[in-house]
$ cat final-v1.txt   # compact mmCIF, C-alpha atoms
# COMPACT_ATOMS: atom_id res chain seq x y z
CA MET A 9 113.23 98.21 69.65
CA GLU A 10 116.05 100.08 71.38
CA GLU A 11 117.18 98.50 74.65
CA MET A 12 116.65 100.73 77.66
CA LYS A 13 119.19 101.14 80.42
CA ILE A 14 116.87 101.57 83.37
CA SER A 15 118.21 102.80 86.69
CA VAL A 16 116.09 103.22 89.82
CA THR A 17 117.06 105.73 92.51
CA ARG A 18 115.48 107.84 95.21
CA ALA A 19 114.00 111.06 93.91
CA ARG A 20 115.66 114.40 94.65
CA ASP A 21 113.93 117.73 95.17
CA SER A 22 115.07 118.71 91.67
CA ASP A 23 112.98 115.81 90.24
CA ALA A 24 109.66 117.14 91.56
CA SER A 25 108.60 119.00 88.42
CA GLU A 26 109.36 116.07 86.11
CA ILE A 27 107.57 113.61 88.43
CA ALA A 28 104.49 115.87 88.53
CA GLU A 29 104.51 116.05 84.71
CA LEU A 30 104.84 112.27 84.41
CA ARG A 31 102.00 111.55 86.85
CA THR A 32 99.75 114.15 85.19
CA CYS A 33 100.53 112.64 81.77
CA VAL A 34 99.52 109.19 83.05
CA ALA A 35 96.31 110.61 84.59
CA GLU A 36 95.41 112.25 81.28
CA HIS A 37 96.15 109.01 79.41
CA LEU A 38 93.89 107.00 81.75
CA THR A 39 91.14 109.61 81.44
CA GLY A 40 91.37 109.45 77.66
CA ARG A 41 91.09 105.65 77.68
CA HIS A 42 88.59 105.14 80.49
CA GLY A 43 86.80 108.44 80.99
CA ALA A 44 86.96 110.69 84.03
CA GLY A 45 87.44 109.03 87.40
CA HIS A 46 89.45 109.25 90.60
CA TRP A 47 92.54 108.64 88.47
CA SER A 48 91.99 111.89 86.53
CA SER A 49 93.56 114.47 88.82
CA SER A 50 96.56 116.59 87.87
CA VAL A 51 99.59 116.54 90.13
CA THR A 52 101.43 119.62 91.36
CA GLU A 53 105.14 120.06 91.84
CA LYS A 54 104.44 121.22 95.40
CA SER A 55 102.64 117.97 96.31
CA VAL A 56 105.46 115.88 94.81
CA LEU A 57 108.06 117.90 96.72
CA ARG A 58 106.16 117.25 99.95
CA SER A 59 106.14 113.52 99.13
CA ILE A 60 109.88 113.50 98.44
CA ARG A 61 110.52 115.12 101.81
CA THR A 62 108.15 112.94 103.88
CA SER A 63 108.38 109.51 102.26
CA CYS A 64 110.52 107.47 99.88
CA VAL A 65 109.88 108.38 96.25
CA LEU A 66 111.61 106.17 93.71
CA VAL A 67 112.20 107.13 90.10
CA ALA A 68 113.10 105.00 87.10
CA ARG A 69 115.32 106.67 84.54
CA ASN A 70 116.42 105.85 81.04
CA GLY A 71 119.36 108.19 80.74
CA PRO A 72 118.57 111.52 82.39
CA GLY A 73 114.79 111.38 81.88
CA ILE A 74 112.33 110.04 84.45
CA ILE A 75 110.14 107.33 82.93
CA GLY A 76 108.45 105.90 86.03
CA THR A 77 107.88 106.56 89.71
CA LEU A 78 106.30 105.25 92.89
CA ARG A 79 106.14 106.36 96.51
CA LEU A 80 106.51 104.35 99.73
CA ALA A 81 105.13 105.71 102.98
CA THR A 82 104.68 104.51 106.55
CA LYS A 83 101.40 106.37 107.02
CA LYS A 84 98.31 104.32 106.19
CA PRO A 85 96.25 105.86 103.35
CA TRP A 86 92.69 106.95 104.01
CA ALA A 87 91.18 104.13 101.94
CA ILE A 88 93.01 101.22 103.57
CA ASP A 89 90.98 99.08 105.98
CA LEU A 90 93.49 97.11 108.08
CA ALA A 91 90.95 94.34 108.75
CA TYR A 92 91.80 92.88 105.33
CA PHE A 93 95.56 92.62 105.82
CA THR A 94 98.00 90.28 107.55
CA ARG A 95 99.04 91.40 111.01
CA VAL A 96 102.64 92.61 110.77
CA SER A 97 104.90 94.83 112.86
CA ARG A 98 105.70 97.42 110.17
CA ALA A 99 104.05 97.86 106.80
CA LEU A 100 104.87 100.27 104.00
CA TYR A 101 102.19 101.61 101.69
CA LEU A 102 102.76 101.92 97.97
CA HIS A 103 101.27 105.03 96.32
CA ASP A 104 101.41 107.08 93.15
CA MET A 105 102.88 104.49 90.82
CA ALA A 106 103.14 105.72 87.25
CA VAL A 107 105.04 104.76 84.10
CA LEU A 108 105.00 106.81 80.91
CA PRO A 109 102.15 105.39 78.77
CA ASP A 110 104.33 104.79 75.69
CA LEU A 111 106.78 102.73 77.78
CA GLN A 112 104.32 100.58 79.73
CA GLY A 113 104.76 96.84 79.32
CA ARG A 114 108.55 97.08 79.03
CA GLY A 115 109.52 96.07 82.59
CA ILE A 116 109.80 99.54 84.11
CA GLY A 117 106.99 99.05 86.62
CA ARG A 118 108.32 95.64 87.62
CA ARG A 119 111.78 97.15 88.11
CA LEU A 120 110.30 99.85 90.38
CA ILE A 121 108.46 97.17 92.39
CA GLU A 122 111.64 95.11 92.80
CA GLU A 123 113.48 98.17 94.12
CA ALA A 124 110.53 98.96 96.41
CA LYS A 125 110.87 95.45 97.89
CA GLU A 126 114.56 96.08 98.59
CA VAL A 127 113.81 99.45 100.19
CA ALA A 128 111.09 97.85 102.32
CA ARG A 129 113.37 95.06 103.55
CA ALA A 130 116.04 97.61 104.50
CA TRP A 131 113.54 99.98 106.17
CA PRO A 132 112.82 97.43 107.84
CA SER A 133 109.26 96.58 106.89
CA ASP A 134 107.32 93.33 106.96
CA ALA A 135 104.90 94.03 104.10
CA LEU A 136 104.04 96.24 101.16
CA ARG A 137 100.37 97.20 100.87
CA LEU A 138 98.29 99.15 98.41
CA ASP A 139 94.84 99.80 97.11
CA ALA A 140 94.02 99.83 93.39
CA TYR A 141 90.88 100.97 91.61
CA ASP A 142 88.53 98.08 90.88
CA HIS A 143 88.19 99.31 87.31
CA ALA A 144 89.93 98.84 83.97
CA ALA A 145 91.96 101.98 84.85
CA GLY A 146 93.30 100.20 87.94
CA ALA A 147 96.50 98.16 87.86
CA GLY A 148 95.42 95.13 89.89
CA VAL A 149 96.54 92.57 87.30
CA PHE A 150 99.98 94.21 87.21
CA TYR A 151 100.34 94.04 91.01
CA ALA A 152 99.25 90.38 91.05
CA ASN A 153 101.84 89.63 88.35
CA CYS A 154 104.47 91.25 90.63
CA GLY A 155 103.66 88.85 93.49
CA PHE A 156 101.08 90.86 95.44
CA LEU A 157 98.10 88.92 96.74
CA LYS A 158 94.59 90.28 96.55
CA VAL A 159 93.39 90.38 100.15
CA GLY A 160 90.01 92.03 99.71
CA ASP A 161 87.88 94.59 98.04
CA LYS A 162 85.77 97.38 99.41
CA VAL A 163 83.82 100.40 98.27
CA TYR A 164 85.24 103.35 100.15
CA ARG A 165 83.43 106.69 99.85
CA GLY A 166 81.84 105.49 96.64
CA VAL A 167 85.13 104.28 95.11
CA PRO A 168 85.45 100.52 94.43
CA LEU A 169 88.92 99.42 95.54
CA VAL A 170 90.92 96.20 95.61
CA TYR A 171 93.48 95.69 98.37
CA TYR A 172 96.82 94.03 97.64
CA GLU A 173 99.60 92.92 99.95
CA LEU A 174 103.07 91.46 99.65
CA VAL A 175 104.39 90.01 102.90
CA LEU A 176 108.18 90.20 102.90

$ encode --input "final-v1.txt" --output "structure tokens"
Amino acid sequence: MEEMKISVTRARDSDASEIAELRTCVAEHLTGRHGAGHWSSSVTEKSVLRSIRTSCVLVARNGPGIIGTLRLATKKPWAIDLAYFTRVSRALYLHDMAVLPDLQGRGIGRRLIEEAKEVARAWPSDALRLDAYDHAAGAGVFYANCGFLKVGDKVYRGVPLVYYELVL
């Protein structure tokens, strides 16, 4: 297997189209494996561009191509119930994590998480938080393996979720 030279940087406006394609590819892959669900939506370049301009979007590259991404934001997502989390001064919320399906399990996601921790510490932030689908299509086991603690689960608007937190 060819060794990858993974670099992680902040996304630029010019990355929006490729990020949208990557996230849509991952959504289609999950839908093919697990059936339709909340993970099945396509992503537009316009929505990615908005994310790049209003939050911190990280991209993992192997050479010039984007192979993974995630987004960090200060705004609490609609599905997060703060009652489950540790009281901290400033939390960042992890969203939209995706790694090309053929490259999953090769350390790309973990590398993105490690960079997200560094970004959070420099922000400064006291914790990283997220919600994952409580379903085989969710990535809860991955987040636990990256040091996040499961702090609760909740059905929000009919969607079973698991909450994870990493206090920094």

$ closest_atom_pairs --input "final-v1.txt" --of "segment 70-158 of chain A" --to "segment 31-36 of chain A" --cutoff "7 Å" --atoms "only C-alpha atoms" --output "CSV"
residue,atom,partner,partner_atom,distance
A:Ala106,CA,A:Arg31,CA,6.0
A:Leu108,CA,A:Val34,CA,6.3
A:Pro109,CA,A:Val34,CA,6.3

$ residues_around --input "final-v1.txt" --residues "Arg137 of chain A" --least-positions-apart "5" --cutoff "6 Å" --atoms "all atoms listed in the file" --output "PyMOL selection string"
chain A and resi 101+172-173

$ closest_residue --input "final-v1.txt" --among "A:Lys125, A:Lys13, A:His46, A:His103" --to "Leu80 of chain A" --atoms "all atoms listed in the file"
A:His103

$ residues_around --input "final-v1.txt" --residues "Pro72 of chain A" --least-positions-apart "5" --cutoff "12 Å" --atoms "only C-alpha atoms" --output "VMD selection string"
chain A and resid 12 to 17 23 26 67

$ residues_around --input "final-v1.txt" --residues "Glu126 of chain A" --least-positions-apart "4" --cutoff "12 Å" --atoms "only C-alpha atoms" --output "ChimeraX atom specification"
/A:16-17,66,80,100,119-122,130-136,176

$ closest_residue --input "final-v1.txt" --among "A:Met105, A:Gln112, A:Asp142, A:Ala99" --to "Val163 of chain A" --atoms "only C-alpha atoms"
A:Asp142

$ residues_around --input "final-v1.txt" --residues "Tyr164 of chain A" --least-positions-apart "4" --cutoff "9 Å" --atoms "all atoms listed in the file" --output "list in words"
Ala87, Ile88, Pro168 and Leu169 of chain A

$ closest_residue --input "final-v1.txt" --among "A:Gly113, A:Pro85, A:Gly45, A:Gly76" --to "Gly146 of chain A" --atoms "only C-alpha atoms"
A:Gly45

$ closest_residue --input "final-v1.txt" --among "A:Ala144, A:Asn153, A:Lys158, A:Leu57" --to "Leu38 of chain A" --atoms "all atoms listed in the file"
A:Ala144

$ atom_distance --input "final-v1.txt" --atom1 "atom CA of Ser22 of chain A" --atom2 "atom CA of Leu138 of chain A"
26.6 Å

$ closest_residue --input "final-v1.txt" --among "A:Lys162, A:Arg114, A:Arg79, A:Arg58" --to "Val127 of chain A" --atoms "all atoms listed in the file"
A:Arg79

$ atom_distance --input "final-v1.txt" --atom1 "atom CA of Cys154 of chain A" --atom2 "atom CA of Tyr141 of chain A"
16.7 Å

$ atom_distance --input "final-v1.txt" --atom1 "atom CA of Ala19 of chain A" --atom2 "atom CA of Asp139 of chain A"
22.5 Å

$ closest_residue --input "final-v1.txt" --among "A:Ala44, A:Ala124, A:Val65, A:Leu30" --to "Arg18 of chain A" --atoms "all atoms listed in the file"
A:Val65

$ build_atoms --input "final-v1.txt" --residues "segment 38-66 of chain A" --atoms "N, CA and C atoms" --output "compact mmCIF listing (two decimals), in the frame of the given file"
# COMPACT_ATOMS: atom_id res chain seq x y z
N LEU A 38 94.95 107.85 81.20
CA LEU A 38 93.89 107.00 81.75
C LEU A 38 92.52 107.62 81.52
N THR A 39 92.42 108.92 81.66
CA THR A 39 91.14 109.61 81.44
C THR A 39 90.73 109.48 79.97
N GLY A 40 91.67 109.61 79.08
CA GLY A 40 91.37 109.45 77.66
C GLY A 40 90.90 108.05 77.31
N ARG A 41 91.46 107.06 77.96
CA ARG A 41 91.09 105.65 77.68
C ARG A 41 89.84 105.20 78.41
N HIS A 42 89.64 105.69 79.64
CA HIS A 42 88.59 105.14 80.49
C HIS A 42 87.55 106.16 80.94
N GLY A 43 87.70 107.39 80.53
CA GLY A 43 86.80 108.44 80.99
C GLY A 43 87.26 109.00 82.33
N ALA A 44 86.59 110.04 82.77
CA ALA A 44 86.96 110.69 84.03
C ALA A 44 86.70 109.76 85.21
N GLY A 45 87.57 109.83 86.18
CA GLY A 45 87.44 109.03 87.40
C GLY A 45 88.40 109.56 88.44
N HIS A 46 88.54 108.82 89.52
CA HIS A 46 89.45 109.25 90.60
C HIS A 46 90.90 109.29 90.15
N TRP A 47 91.19 108.66 89.04
CA TRP A 47 92.54 108.64 88.47
C TRP A 47 92.84 109.88 87.63
N SER A 48 91.89 110.79 87.49
CA SER A 48 91.99 111.89 86.53
C SER A 48 92.66 113.16 87.05
N SER A 49 93.07 113.20 88.28
CA SER A 49 93.56 114.47 88.82
C SER A 49 94.98 114.80 88.37
N SER A 50 95.21 116.09 88.17
CA SER A 50 96.56 116.59 87.87
C SER A 50 97.38 116.60 89.15
N VAL A 51 98.67 116.59 88.99
CA VAL A 51 99.59 116.54 90.13
C VAL A 51 100.43 117.81 90.11
N THR A 52 100.63 118.39 91.28
CA THR A 52 101.43 119.62 91.36
C THR A 52 102.85 119.32 91.81
N GLU A 53 103.75 120.18 91.41
CA GLU A 53 105.14 120.06 91.84
C GLU A 53 105.23 120.16 93.36
N LYS A 54 104.43 121.03 93.94
CA LYS A 54 104.44 121.22 95.40
C LYS A 54 104.07 119.93 96.13
N SER A 55 103.04 119.21 95.63
CA SER A 55 102.64 117.97 96.31
C SER A 55 103.72 116.89 96.15
N VAL A 56 104.39 116.85 95.00
CA VAL A 56 105.46 115.88 94.81
C VAL A 56 106.64 116.22 95.72
N LEU A 57 106.96 117.48 95.83
CA LEU A 57 108.06 117.90 96.72
C LEU A 57 107.78 117.48 98.16
N ARG A 58 106.54 117.67 98.60
CA ARG A 58 106.16 117.25 99.95
C ARG A 58 106.35 115.74 100.10
N SER A 59 105.97 114.97 99.08
CA SER A 59 106.14 113.52 99.13
C SER A 59 107.61 113.13 99.21
N ILE A 60 108.44 113.81 98.43
CA ILE A 60 109.88 113.50 98.44
C ILE A 60 110.46 113.75 99.83
N ARG A 61 109.97 114.76 100.50
CA ARG A 61 110.52 115.12 101.81
C ARG A 61 109.94 114.31 102.97
N THR A 62 108.79 113.65 102.78
CA THR A 62 108.15 112.94 103.88
C THR A 62 108.06 111.43 103.68
N SER A 63 108.45 110.94 102.53
CA SER A 63 108.38 109.51 102.26
C SER A 63 109.51 109.13 101.30
N CYS A 64 109.50 107.93 100.81
CA CYS A 64 110.52 107.47 99.88
C CYS A 64 109.93 107.43 98.48
N VAL A 65 110.34 108.35 97.63
CA VAL A 65 109.88 108.38 96.25
C VAL A 65 111.00 107.81 95.38
N LEU A 66 110.66 106.79 94.62
CA LEU A 66 111.61 106.17 93.71
C LEU A 66 111.32 106.64 92.28
